[in-house]
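One file, my_file.cif, carrying mmCIF, C-alpha atoms:
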data_entry
#
loop_
_atom_site.label_atom_id
_atom_site.label_comp_id
_atom_site.auth_asym_id
_atom_site.auth_seq_id
_atom_site.Cartn_x
_atom_site.Cartn_y
_atom_site.Cartn_z
CA MET A 1 90.60 -52.02 74.81
CA MET A 2 93.26 -49.55 73.67
CA SER A 3 91.34 -46.38 72.84
CA LYS A 4 94.06 -43.76 73.21
CA ASN A 5 96.44 -43.16 70.29
CA ILE A 6 99.64 -44.89 71.38
CA SER A 7 101.74 -42.33 69.49
CA GLU A 8 100.64 -39.74 72.07
CA LEU A 9 102.19 -41.85 74.81
CA MET A 10 105.58 -42.49 73.22
CA PRO A 11 108.71 -41.16 74.96
CA THR A 12 110.04 -37.88 73.62
CA SER A 13 113.57 -38.31 74.93
CA ARG A 14 115.94 -41.01 76.17
CA SER A 15 115.95 -39.80 79.78
CA VAL A 16 115.46 -42.78 82.07
CA GLU A 17 114.79 -43.75 85.67
CA LEU A 18 115.48 -47.24 86.96
CA ILE A 19 112.86 -48.75 89.25
CA LEU A 20 114.26 -51.58 91.35
CA ALA A 21 111.49 -53.80 92.69
CA CYS A 22 112.58 -54.91 96.17
CA GLY A 23 109.28 -55.49 97.92
CA GLY A 24 109.53 -59.29 98.19
CA ARG A 25 109.78 -61.13 101.50
CA SER A 26 112.07 -64.01 100.38
CA ARG A 27 109.63 -66.61 101.71
CA ARG A 28 111.19 -69.37 99.59
CA MET A 29 114.64 -68.61 100.97
CA GLY A 30 113.86 -69.84 104.47
CA GLY A 31 113.63 -66.35 105.92
CA GLU A 32 117.00 -65.16 104.54
CA ASN A 33 116.77 -61.83 102.73
CA LYS A 34 117.98 -62.85 99.29
CA LEU A 35 118.68 -59.26 98.26
CA LEU A 36 121.39 -59.09 100.92
CA SER A 37 122.92 -62.46 100.06
CA LEU A 38 126.50 -62.10 98.90
CA ILE A 39 127.29 -63.22 95.36
CA SER A 40 131.04 -63.22 94.74
CA GLY A 41 131.47 -60.72 97.57
CA LYS A 42 128.71 -58.25 96.68
CA PRO A 43 125.07 -58.14 97.86
CA CYS A 44 122.51 -59.35 95.33
CA ILE A 45 120.75 -55.96 95.31
CA TYR A 46 124.06 -54.21 94.55
CA ARG A 47 124.80 -56.52 91.62
CA ALA A 48 121.26 -55.98 90.28
CA CYS A 49 121.71 -52.21 90.42
CA GLU A 50 125.36 -51.63 89.55
CA PRO A 51 125.26 -52.19 85.73
CA PHE A 52 122.44 -49.63 85.33
CA SER A 53 124.41 -46.97 87.21
CA GLU A 54 126.96 -46.90 84.39
CA PHE A 55 124.47 -45.53 81.81
CA ASP A 56 124.37 -41.76 81.35
CA GLU A 57 120.72 -41.88 80.24
CA ILE A 58 119.67 -43.20 83.65
CA LYS A 59 119.22 -40.11 85.81
CA ARG A 60 117.94 -41.66 89.04
CA ILE A 61 117.27 -44.98 90.74
CA ILE A 62 113.99 -45.52 92.58
CA ILE A 63 113.95 -48.39 95.08
CA SER A 64 110.53 -49.78 95.98
CA ALA A 65 110.95 -51.61 99.28
CA PRO A 66 109.44 -52.00 102.76
CA GLU A 67 110.12 -48.82 104.74
CA GLU A 68 111.88 -50.70 107.53
CA LEU A 69 114.52 -51.85 105.03
CA PHE A 70 115.36 -48.43 103.56
CA GLU A 71 118.50 -47.92 105.63
CA THR A 72 119.64 -51.54 105.19
CA TYR A 73 119.34 -51.34 101.41
CA LYS A 74 120.91 -47.88 101.37
CA SER A 75 123.95 -49.34 103.11
CA ALA A 76 124.04 -52.34 100.74
CA LEU A 77 124.02 -49.93 97.76
CA SER A 78 126.91 -47.84 99.09
CA GLY A 79 129.16 -47.07 96.14
CA ILE A 80 126.33 -46.59 93.61
CA GLU A 81 126.85 -43.01 92.41
CA LYS A 82 123.42 -42.31 90.90
CA PRO A 83 120.84 -40.45 93.03
CA ILE A 84 118.62 -42.96 94.85
CA LEU A 85 115.04 -42.41 95.98
CA PHE A 86 113.26 -44.89 98.26
CA VAL A 87 109.50 -45.38 98.08
CA ASN A 88 107.39 -47.67 100.20
CA SER A 89 106.37 -50.91 98.50
CA GLY A 90 102.78 -52.14 98.42
CA GLU A 91 100.99 -55.39 99.17
CA THR A 92 101.53 -56.71 95.64
CA ARG A 93 104.22 -56.31 93.02
CA GLN A 94 101.97 -54.16 90.86
CA GLN A 95 101.24 -51.84 93.77
CA SER A 96 104.93 -51.65 94.63
CA VAL A 97 105.95 -50.75 91.09
CA ALA A 98 103.03 -48.30 90.76
CA ASN A 99 104.24 -46.38 93.82
CA ALA A 100 107.66 -46.01 92.18
CA VAL A 101 106.28 -45.12 88.74
CA ARG A 102 104.16 -42.33 90.23
CA ALA A 103 107.31 -40.92 91.85
CA ALA A 104 109.21 -41.01 88.54
CA THR A 105 109.59 -37.94 86.35
CA GLU A 106 111.68 -39.05 83.33
CA GLU A 107 110.33 -40.16 79.94
CA ILE A 108 111.33 -43.84 80.22
CA ILE A 109 111.16 -46.17 83.20
CA MET A 110 113.14 -49.40 83.40
CA ILE A 111 111.66 -51.85 85.91
CA HIS A 112 114.10 -54.46 87.19
CA ASP A 113 113.92 -57.11 89.89
CA GLY A 114 116.28 -56.55 92.80
CA ALA A 115 116.73 -60.32 92.78
CA ARG A 116 118.22 -60.44 89.26
CA PRO A 117 121.97 -59.92 89.82
CA LEU A 118 123.22 -61.08 86.41
CA ILE A 119 121.81 -58.42 84.10
CA SER A 120 124.25 -57.52 81.32
CA HIS A 121 125.09 -54.14 79.83
CA GLU A 122 123.99 -55.47 76.44
CA GLU A 123 120.50 -56.31 77.73
CA ILE A 124 120.16 -52.89 79.38
CA ARG A 125 121.19 -51.09 76.19
CA ALA A 126 118.87 -53.16 73.99
CA SER A 127 115.91 -52.65 76.35
CA LEU A 128 116.48 -48.92 76.57
CA ASP A 129 116.77 -48.59 72.78
CA ASP A 130 113.58 -50.62 72.19
CA ALA A 131 111.62 -48.70 74.82
CA PHE A 132 112.46 -45.45 73.05
CA ARG A 133 111.61 -46.90 69.63
CA PHE A 134 108.49 -48.94 70.48
CA GLY A 135 107.32 -47.51 73.80
CA SER A 136 107.90 -50.81 75.58
CA SER A 137 110.51 -53.52 75.94
CA ILE A 138 110.22 -56.86 77.72
CA VAL A 139 113.58 -58.61 78.03
CA SER A 140 112.99 -62.28 77.30
CA ALA A 141 114.78 -65.42 76.21
CA PRO A 142 113.61 -68.17 73.85
CA MET A 143 112.42 -71.37 75.49
CA THR A 144 115.03 -74.05 74.79
CA GLU A 145 113.65 -76.92 76.86
CA THR A 146 110.62 -79.04 76.14
CA ILE A 147 107.62 -77.90 78.17
CA ARG A 148 104.41 -79.76 78.88
CA TYR A 149 100.87 -78.65 79.65
CA SER A 150 98.66 -80.64 81.98
CA ASP A 151 95.39 -79.70 83.69
CA GLY A 152 94.73 -83.11 85.19
CA GLU A 153 92.60 -84.23 82.29
CA SER A 154 94.51 -83.35 79.15
CA SER A 155 98.27 -83.30 78.70
CA TYR A 156 100.43 -82.30 75.75
CA SER A 157 103.69 -80.61 74.74
CA PRO A 158 103.14 -77.27 72.97
CA ASP A 159 105.45 -75.92 70.28
CA ARG A 160 108.20 -74.32 72.36
CA SER A 161 109.30 -72.09 69.47
CA LYS A 162 106.38 -69.82 70.32
CA TYR A 163 107.21 -69.52 74.03
CA TYR A 164 109.62 -67.21 75.82
CA LEU A 165 111.01 -66.87 79.32
CA ILE A 166 110.07 -63.42 80.58
CA LYS A 167 112.72 -61.53 82.51
CA THR A 168 113.56 -57.97 83.51
CA PRO A 169 114.24 -55.18 82.88
CA GLN A 170 110.84 -54.35 81.46
CA SER A 171 111.05 -50.83 80.08
CA PHE A 172 108.28 -48.43 79.12
CA SER A 173 107.32 -44.95 78.23
CA ARG A 174 106.30 -43.66 81.66
CA ARG A 175 103.11 -42.12 80.26
CA LEU A 176 102.21 -45.38 78.55
CA TYR A 177 102.69 -47.31 81.78
CA LEU A 178 100.58 -44.80 83.74
CA TYR A 179 97.83 -45.16 81.12
CA ALA A 180 97.89 -48.94 81.60
CA LEU A 181 97.76 -48.54 85.38
CA GLU A 182 94.79 -46.23 85.21
CA ASN A 183 92.82 -48.56 82.94
CA ALA A 184 93.79 -52.00 84.25
CA THR A 185 91.00 -54.05 85.80
CA GLY A 186 93.18 -56.54 87.71
CA ASP A 187 96.39 -56.89 89.67
CA TYR A 188 99.22 -58.54 87.77
CA THR A 189 102.52 -60.14 88.77
CA ASP A 190 104.26 -58.97 85.60
CA ASP A 191 104.35 -55.59 83.87
CA ALA A 192 103.89 -57.16 80.45
CA GLN A 193 100.58 -58.61 81.68
CA LEU A 194 99.54 -55.13 82.74
CA LEU A 195 99.97 -53.87 79.17
CA ASP A 196 98.20 -56.95 77.79
CA SER A 197 95.20 -56.13 79.95
CA VAL A 198 94.62 -52.82 78.17
CA GLY A 199 95.18 -54.19 74.68
CA ILE A 200 98.83 -53.22 74.21
CA ALA A 201 101.19 -55.93 72.98
CA PRO A 202 104.61 -55.18 74.52
CA HIS A 203 107.71 -55.44 72.38
CA LEU A 204 109.94 -58.44 73.13
CA THR A 205 113.67 -57.74 73.42
CA MET A 206 115.88 -60.80 73.26
CA GLY A 207 118.10 -61.27 76.30
CA SER A 208 120.22 -63.90 77.99
CA ARG A 209 119.13 -67.06 79.77
CA ASN A 210 121.82 -66.23 82.35
CA ASN A 211 119.69 -63.33 83.57
CA ILE A 212 118.24 -65.51 86.32
CA LYS A 213 116.10 -64.48 89.28
CA ILE A 214 117.17 -65.55 92.77
CA THR A 215 114.18 -67.38 94.20
CA VAL A 216 115.52 -70.37 96.16
CA SER A 217 118.90 -70.96 97.81
CA GLU A 218 120.10 -73.13 94.91
CA ASP A 219 119.85 -70.07 92.65
CA LEU A 220 122.60 -68.37 94.67
CA LYS A 221 124.99 -71.22 93.83
CA MET A 222 124.02 -70.95 90.16
CA ALA A 223 124.63 -67.20 90.21
CA GLU A 224 128.04 -67.70 91.82
CA GLY A 225 128.94 -70.16 89.07
CA LEU A 226 127.73 -67.88 86.29
CA ILE A 227 129.51 -64.81 87.64
CA GLY A 228 132.62 -66.70 88.60
CA SER A 229 135.24 -64.73 90.43
CA SER A 230 138.47 -63.27 89.20
CA THR A 231 141.55 -63.91 91.27
CA ARG A 232 144.12 -61.17 91.77
CA ILE A 233 147.63 -61.28 93.20
CA GLY A 234 149.39 -58.53 95.11
CA HIS A 235 152.94 -58.15 96.40
CA GLY A 236 154.02 -56.10 99.41
CA TYR A 237 157.46 -55.18 100.73
CA ASP A 238 158.48 -53.20 103.78
CA VAL A 239 161.62 -52.51 105.80
CA HIS A 240 162.31 -50.74 109.08
CA LYS A 241 165.46 -49.86 110.96
CA LEU A 242 166.29 -51.54 114.27
CA VAL A 243 166.90 -49.12 117.16
CA SER A 244 167.06 -49.23 120.92
CA GLY A 245 164.14 -48.09 123.06
CA ARG A 246 161.43 -49.59 120.85
CA LYS A 247 159.35 -52.75 121.15
CA LEU A 248 159.84 -55.37 118.45
CA ILE A 249 156.44 -56.28 117.04
CA LEU A 250 156.12 -58.64 114.08
CA GLY A 251 152.83 -60.00 112.78
CA GLY A 252 151.06 -58.42 115.75
CA VAL A 253 153.19 -60.35 118.24
CA GLU A 254 155.58 -58.66 120.67
CA ILE A 255 158.93 -60.47 120.52
CA PRO A 256 161.49 -60.17 123.33
CA TYR A 257 164.61 -58.46 121.94
CA GLU A 258 166.99 -55.67 122.88
CA LEU A 259 166.05 -53.64 119.78
CA GLY A 260 162.79 -52.63 118.12
CA LEU A 261 161.74 -51.25 114.77
CA LEU A 262 161.61 -47.51 114.12
CA GLY A 263 158.52 -46.08 112.48
CA HIS A 264 155.53 -43.71 112.75
CA SER A 265 153.25 -46.54 113.88
CA ASP A 266 154.38 -49.64 115.77
CA ALA A 267 156.59 -50.36 112.70
CA ASP A 268 155.30 -53.93 112.38
CA VAL A 269 157.12 -54.65 109.12
CA THR A 270 155.39 -58.01 108.68
CA THR A 271 151.88 -56.61 108.88
CA HIS A 272 152.83 -53.60 106.75
CA ALA A 273 154.04 -55.83 103.91
CA LEU A 274 150.86 -57.88 104.23
CA MET A 275 148.63 -54.81 104.02
CA ASP A 276 150.44 -53.53 100.94
CA SER A 277 150.06 -56.91 99.24
CA LEU A 278 146.29 -56.89 99.88
CA LEU A 279 145.83 -53.30 98.71
CA GLY A 280 148.04 -53.96 95.71
CA ALA A 281 145.98 -56.97 94.65
CA ALA A 282 142.85 -54.83 94.73
CA ALA A 283 144.61 -51.87 93.03
CA LEU A 284 143.65 -49.67 95.97
CA GLY A 285 147.00 -48.00 96.55
CA ASP A 286 149.18 -48.69 99.57
CA ILE A 287 149.26 -48.09 103.32
CA GLY A 288 151.01 -44.76 102.81
CA LYS A 289 147.92 -43.56 100.97
CA LEU A 290 145.44 -45.06 103.44
CA PHE A 291 147.36 -44.25 106.64
CA PRO A 292 149.79 -41.37 105.86
CA ASP A 293 152.68 -40.89 108.29
CA THR A 294 151.88 -37.17 108.31
CA ASP A 295 148.66 -37.93 110.20
CA ASP A 296 149.09 -37.95 113.98
CA ARG A 297 146.15 -40.34 114.29
CA TYR A 298 148.46 -43.12 113.22
CA LYS A 299 151.39 -42.23 115.47
CA GLY A 300 152.19 -45.39 117.42
CA ALA A 301 149.20 -47.11 115.82
CA ASP A 302 148.61 -50.84 116.30
CA SER A 303 149.21 -52.30 112.85
CA ILE A 304 146.76 -55.13 113.51
CA GLU A 305 143.99 -52.56 113.85
CA LEU A 306 145.15 -51.00 110.58
CA LEU A 307 145.04 -54.46 108.97
CA LYS A 308 141.41 -54.84 110.05
CA GLU A 309 140.61 -51.54 108.34
CA VAL A 310 142.40 -52.66 105.16
CA CYS A 311 140.28 -55.83 105.15
CA ARG A 312 137.12 -53.77 105.65
CA VAL A 313 138.08 -51.59 102.66
CA LEU A 314 138.74 -54.68 100.55
CA ARG A 315 135.38 -56.23 101.37
CA SER A 316 133.52 -52.99 100.78
CA ASN A 317 134.99 -53.09 97.28
CA GLY A 318 133.74 -56.64 96.69
CA PHE A 319 136.94 -58.59 97.42
CA GLU A 320 137.60 -61.58 99.65
CA ILE A 321 140.98 -62.81 100.82
CA VAL A 322 141.98 -66.28 99.60
CA ASN A 323 145.42 -66.69 101.17
CA THR A 324 148.64 -64.90 101.95
CA ASP A 325 152.31 -65.90 102.19
CA ILE A 326 154.78 -63.76 104.15
CA THR A 327 158.56 -64.02 104.44
CA VAL A 328 160.29 -62.11 107.24
CA ILE A 329 164.00 -61.41 106.70
CA ALA A 330 165.93 -60.95 109.95
CA GLN A 331 169.36 -62.06 111.13
CA LYS A 332 168.21 -61.83 114.75
CA PRO A 333 166.25 -62.65 116.82
CA LYS A 334 165.23 -66.22 116.07
CA LEU A 335 161.59 -66.06 115.01
CA SER A 336 160.55 -69.71 114.74
CA PRO A 337 159.04 -69.83 118.29
CA TYR A 338 156.66 -66.99 117.37
CA ILE A 339 155.53 -68.04 113.88
CA LEU A 340 152.33 -69.79 115.01
CA SER A 341 151.28 -66.81 117.14
CA MET A 342 151.85 -64.50 114.18
CA ARG A 343 149.73 -66.68 111.91
CA GLU A 344 146.91 -66.81 114.46
CA THR A 345 146.97 -63.06 115.08
CA LEU A 346 146.99 -62.19 111.38
CA ALA A 347 144.30 -64.75 110.50
CA ASN A 348 142.01 -63.41 113.24
CA ALA A 349 142.51 -59.83 112.06
CA MET A 350 141.71 -60.77 108.44
CA GLY A 351 138.77 -63.00 109.36
CA ILE A 352 140.15 -66.02 107.51
CA ASP A 353 141.30 -69.49 108.50
CA ILE A 354 144.82 -69.85 109.87
CA GLY A 355 145.44 -72.44 107.15
CA CYS A 356 145.26 -69.57 104.64
CA VAL A 357 148.06 -67.60 106.34
CA SER A 358 151.69 -68.58 105.88
CA VAL A 359 154.53 -66.86 107.75
CA LYS A 360 158.16 -67.85 107.20
CA ALA A 361 161.40 -66.42 108.50
CA THR A 362 164.87 -66.44 106.97
CA THR A 363 168.26 -64.83 107.42
CA GLU A 364 170.50 -63.47 104.70
CA GLU A 365 173.65 -65.15 105.95
CA GLY A 366 175.11 -61.89 107.23
CA LEU A 367 174.63 -60.07 103.93
CA GLY A 368 173.01 -56.67 103.46
CA PHE A 369 171.38 -54.43 106.07
CA THR A 370 169.28 -57.28 107.43
CA GLY A 371 172.31 -59.54 107.63
CA THR A 372 174.26 -56.99 109.65
CA GLY A 373 171.32 -56.48 112.02
CA GLU A 374 170.59 -52.92 110.93
CA GLY A 375 166.97 -53.64 110.10
CA ILE A 376 164.25 -56.18 109.36
CA ALA A 377 162.41 -56.59 106.04
CA ALA A 378 159.36 -58.54 104.92
CA HIS A 379 157.85 -59.66 101.64
CA ALA A 380 154.18 -60.68 101.30
CA VAL A 381 152.19 -62.14 98.45
CA SER A 382 148.38 -62.25 98.72
CA LEU A 383 145.65 -63.78 96.58
CA ILE A 384 142.20 -62.21 96.63
CA LYS A 385 139.03 -62.84 94.64
CA GLY A 386 136.25 -60.54 93.63
#
Same coordinates, now as structure tokens:
Amino acid sequence: MMSKNISELMPTSRSVELILACGGRSRRMGGENKLLSLISGKPCIYRACEPFSEFDEIKRIIISAPEELFETYKSALSGIEKPILFVNSGETRQQSVANAVRAATEEIIMIHDGARPLISHEEIRASLDDAFRFGSSIVSAPMTETIRYSDGESSYSPDRSKYYLIKTPQSFSRRLYLYALENATGDYTDDAQLLDSVGIAPHLTMGSRNNIKITVSEDLKMAEGLIGSSTRIGHGYDVHKLVSGRKLILGGVEIPYELGLLGHSDADVTTHALMDSLLGAAALGDIGKLFPDTDDRYKGADSIELLKEVCRVLRSNGFEIVNTDITVIAQKPKLSPYILSMRETLANAMGIDIGCVSVKATTEEGLGFTGTGEGIAAHAVSLIKG
């Protein structure tokens, strides 16, 4: 049916907009919104979008989604630095994508499923290059398993070498896609089918079988396994001087003693070492950077509340806490009666099981400033994943 000269519809530059199709209702996920499901600490929609944001050619991201989810998805995409435009999705996938395409202005559009969190930089680059060269690019993967056709009467196994698994992104000259939309006679579940319907054979770009779509809950487990998670270790150390007229607070627990620790906040040396170990593991600086002692907001601050903020920062950067091990160094007072309370308080603040929090206490046999009772020190080692 193609009557227009396709050369007139080819892109004239490599300027791109990403269209993220997020109009689905997750009906096969038991009501759970799969785009918000965490995969190794990050929402599925964030993982689907993040790799595209690293390409200079991509000028803007257009999210096609139900209007009532705009703010939810905007929050989930916090940290994506590209400009983001939200458009209302339609009743079908084709209508949803069409709404986004009509809002686009760049020469090339890359259409990607918000439920495909494992897209690689290599696939994005190849699809973009092919869309510029051929006007279209359908990321696909060769069929490697035996397939079988059956219509109830006849049954046979076709030659799988001629079959491909169709994935996204599917990338097009925007003008070519608009031409197909204007001339299509049906409503299609796939953008390649839309081009087929107007007599345009889209170019196939080879991609990875790992580029799976999250459809059922088992797919989340598969995605977790394919992404894996890197583990990172951080060390923290802190020391404060013992003085009269101050409360002694360690691990969020007030401990009866004639002296307390001197500091801008409550000087909870145990919690301070823990926070530095967590921030260090994530390479996010230290508590001096996050809570400077020149800021009066933190004067006398409850270190447990600061710990909660550190954990929020970690999780917003895609990290989860695995476990932590803390050693408090103090000649006096005897800390063993308070260890369990410290573990409980710290575990509750971090939102992890108490079995993942170890607190130990030791003396230095009268040696050094801790041994002479001049101060208390703490070391912490934390393991995080992300």
Counting only C-alpha atoms, what is within 12 Å of stretch 361-364 of chain A, bar same-chain residues fewer than 4 positions away, as a tab-separated table (two decimals) with C-alpha atoms, in the frame of the given file?
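part33.tsv written:
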chain	number	residue	atom	x	y	z
A	250	LEU	CA	156.12	-58.64	114.08
A	251	GLY	CA	152.83	-60.00	112.78
A	270	THR	CA	155.39	-58.01	108.68
A	325	ASP	CA	152.31	-65.90	102.19
A	326	ILE	CA	154.78	-63.76	104.15
A	327	THR	CA	158.56	-64.02	104.44
A	328	VAL	CA	160.29	-62.11	107.24
A	329	ILE	CA	164.00	-61.41	106.70
A	330	ALA	CA	165.93	-60.95	109.95
A	331	GLN	CA	169.36	-62.06	111.13
A	332	LYS	CA	168.21	-61.83	114.75
A	333	PRO	CA	166.25	-62.65	116.82
A	334	LYS	CA	165.23	-66.22	116.07
A	335	LEU	CA	161.59	-66.06	115.01
A	336	SER	CA	160.55	-69.71	114.74
A	337	PRO	CA	159.04	-69.83	118.29
A	338	TYR	CA	156.66	-66.99	117.37
A	339	ILE	CA	155.53	-68.04	113.88
A	340	LEU	CA	152.33	-69.79	115.01
A	342	MET	CA	151.85	-64.50	114.18
A	368	GLY	CA	173.01	-56.67	103.46
A	369	PHE	CA	171.38	-54.43	106.07
A	370	THR	CA	169.28	-57.28	107.43
A	371	GLY	CA	172.31	-59.54	107.63
A	372	THR	CA	174.26	-56.99	109.65
A	373	GLY	CA	171.32	-56.48	112.02
A	375	GLY	CA	166.97	-53.64	110.10
A	376	ILE	CA	164.25	-56.18	109.36
A	377	ALA	CA	162.41	-56.59	106.04
A	378	ALA	CA	159.36	-58.54	104.92
A	379	HIS	CA	157.85	-59.66	101.64
A	380	ALA	CA	154.18	-60.68	101.30
**Request:** Starting from the shown file, work through the PyMOL selection byres ((chain A and resi 280) around 10) and note down what comes out as a PyMOL selection string.
**Result:** chain A and resi 232-236+274-279+281-287+381-382
**Message:** As a check of understanding, name the residues that the PyMOL selection byres ((chain A and resi 167) around 12) selects in the supplied structure, as a PyMOL selection string.
**Reply:** chain A and resi 111-119+123-124+127+137-142+164-166+168-171+190-192+204-214
Expand the PyMOL selection byres ((chain A and resi 303-318) around 7) into the explicit residue set it covers here, and present it as a short mmCIF file (atom, residue, chain, number, x, y, z; two decimals) with C-alpha atoms, keeping the file's coordinate frame.
data_model
loop_
_atom_site.label_atom_id
_atom_site.label_comp_id
_atom_site.auth_asym_id
_atom_site.auth_seq_id
_atom_site.Cartn_x
_atom_site.Cartn_y
_atom_site.Cartn_z
CA GLY A 41 131.47 -60.72 97.57
CA LYS A 42 128.71 -58.25 96.68
CA GLY A 252 151.06 -58.42 115.75
CA ASP A 266 154.38 -49.64 115.77
CA ASP A 268 155.30 -53.93 112.38
CA THR A 271 151.88 -56.61 108.88
CA MET A 275 148.63 -54.81 104.02
CA ALA A 301 149.20 -47.11 115.82
CA ASP A 302 148.61 -50.84 116.30
CA PHE A 319 136.94 -58.59 97.42
CA GLU A 320 137.60 -61.58 99.65
CA ALA A 349 142.51 -59.83 112.06
CA MET A 350 141.71 -60.77 108.44
CA GLY A 386 136.25 -60.54 93.63
#
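Compared by their closest atoms to A:Ala100, and using all atoms listed in the file, the residues A:Ile45, A:Leu20, A:Leu38, A:Ile58 rank with A:Leu20 nearest.
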**Message:** For a test of reading the model, state the distance in Å between atom CA of A:Cys22 and atom CA of A:Asp129, rounded to one decimal.
**Reply:** 24.6 Å
**Request:** Could you jot down the atom CA of A:Arg60 to atom CA of A:Ala104 separation for me, Å, one decimal place?
**Result:**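 Atom-to-atom, atom CA of A:Arg60 to atom CA of A:Ala104, that is 8.8 Å.
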**Message:** One number please: atom CA of A:Val253 to atom CA of A:Asp296, in Å, one decimal.
**Reply:** 23.2 Å
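Residue nearest A:Asn88, chosen from A:Glu374, A:Ala76, A:Phe70, A:Asp295 and counting all atoms listed in the file: A:Phe70.
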**Request:** Determine, counting all atoms listed in the file, which protein, DNA and RNA residues have an atom within 10 Å of an atom of A:Phe55; residues of the same chain fewer than 4 positions away are not included. Present the result as a list of chain:residue names.
**Result:**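 Final neighbour list, sorted by chain and number: A:Val16, A:Glu50, A:Pro51, A:Lys59, A:Lys82, A:His121, A:Ile124, A:Arg125.
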**Asked** For A:Phe86, which residue out of A:Leu9, A:Ile61, A:Leu346, A:Cys44 is the nearest one, using all atoms listed in the file?
**Response** A:Ile61
